[in-house]
Amino acid sequence: MIANRTLELLSLLQAQKEWTGDGLAERLGVSPRTVRRDINRLRELGYPVTARKGPSGFYRLSRGARLPPLIVDDEQAVAIALALQTAPASVIGMGDATKRALNSIKELLPPHLARRLATFSVEQLENAWELAPPQVDPALLAQLSAAAQQRELVRFAYRSVDRDPVDDEVLVEPHRLVVWSGRWYLVGYDRRGNSWHTYRLDRIGQLTSTAWRFGPRDVPEADLTRFVQLQPDRGDAADTWPCWGTVLMECPATLVAKWAPGTASFEAIDERITRIRMGAWSWSGLIGFLITFNCPFTVEGPPELAEAARQVIGRLDAAAHDAPSGRGL
């Protein structure tokens with residue numbers, strides 16, 4: 001019982017920066033005196049918990065000089081193990097590190113939890129995702145993350161999908177890394193163009209730090225994932241799929257951003273019409289993707305896509321006429 005309460009106390013301190021003694025006591029259902037004893041127990045385990053006394057007093061879990069023992073509950077251990085087994089490999093060279101981390105966790109588990117975890121054993125192919133996103137360099141991730149935290153301007157060459165293979169050199173304020181649809185993006189402010197952009201990390205090259213600092217800046221949207229979704233240059237290069245086509249869809253760009261796959265690019269023509277460029281494994285497959293929007297659309301090109309649309313319409317029309325009376329599609 002004491003161990004479970006200590007674990008819950010640690011979880012609360014990790015989840016929130018500061019806690020009052022009364023607040024912790026209320027959450028744990030114990031007295032403030034018991035909270036103080038449990039805080040001392042955490043300190044004995046090596047967790048650096050600081051305290052401030054007085055009316056504005058609080059408890060805070062600080063960063064220590066040495067790494068204390070890792071404590072997780074049963075559900076957290078299973079969640080970590082499953083995440084390590086099933087996460088898509090979007091970072092280069094992380095496969096071996098992931099396996100070693102999983103083995104380290106398994107060795108620390110008590111017998112009852114090890115048996116439970118064995119029931120969740122997952123076998124994956126080396127590239128389990130058929131539409132696997134391009135992998136990024138972990139060194140690039142680390143450098144951009146550090147630059148964003150330190151508010152340091154960076155310069156890099158960027159390959160836009162519309163200008164491939166030309167690389168544009170940009171000077172950017174890195175603000176946040178975002179993962180969407182398995183792809184890594186940097187949300188940054190272009191100092192030369194004075195505008196916000198998203199940059200696919202797999203298209204960034206020749207990254208250099210400038211040692212120049214930048215000040216705080218309000219991000220363009222509170223939900224940065226939505227901001228990434230709304231960007232037209234978010235898909236793969238044209239050589240990823242054998243068949244690429246462009247249509248004008250009678251659907252607002254905000255809905256296209258929400259439902260189009262990460263391989264699509266688009267632009268708003270007006271509040272009602274969106275131009276979508278999308279790839280697929282076949283022309284009929286591309287038409288199938290577009291039909292899922294359940295909105296009228298006009299094929300802009302190429303002619304193969306228009307011909308595939310006519311063929312699909314013919315097959316659907318024949319299927320509807322062949323269906324028994326009263327049992328249409």
# chains A, B, ... in the order shown; residues from 1 in each chain; ligands from 1
>>> residues_around(residues="range 270-282 of chain A", least_positions_apart="6", cutoff="8 Å", atoms="only C-alpha atoms", output="count of residues only")
18
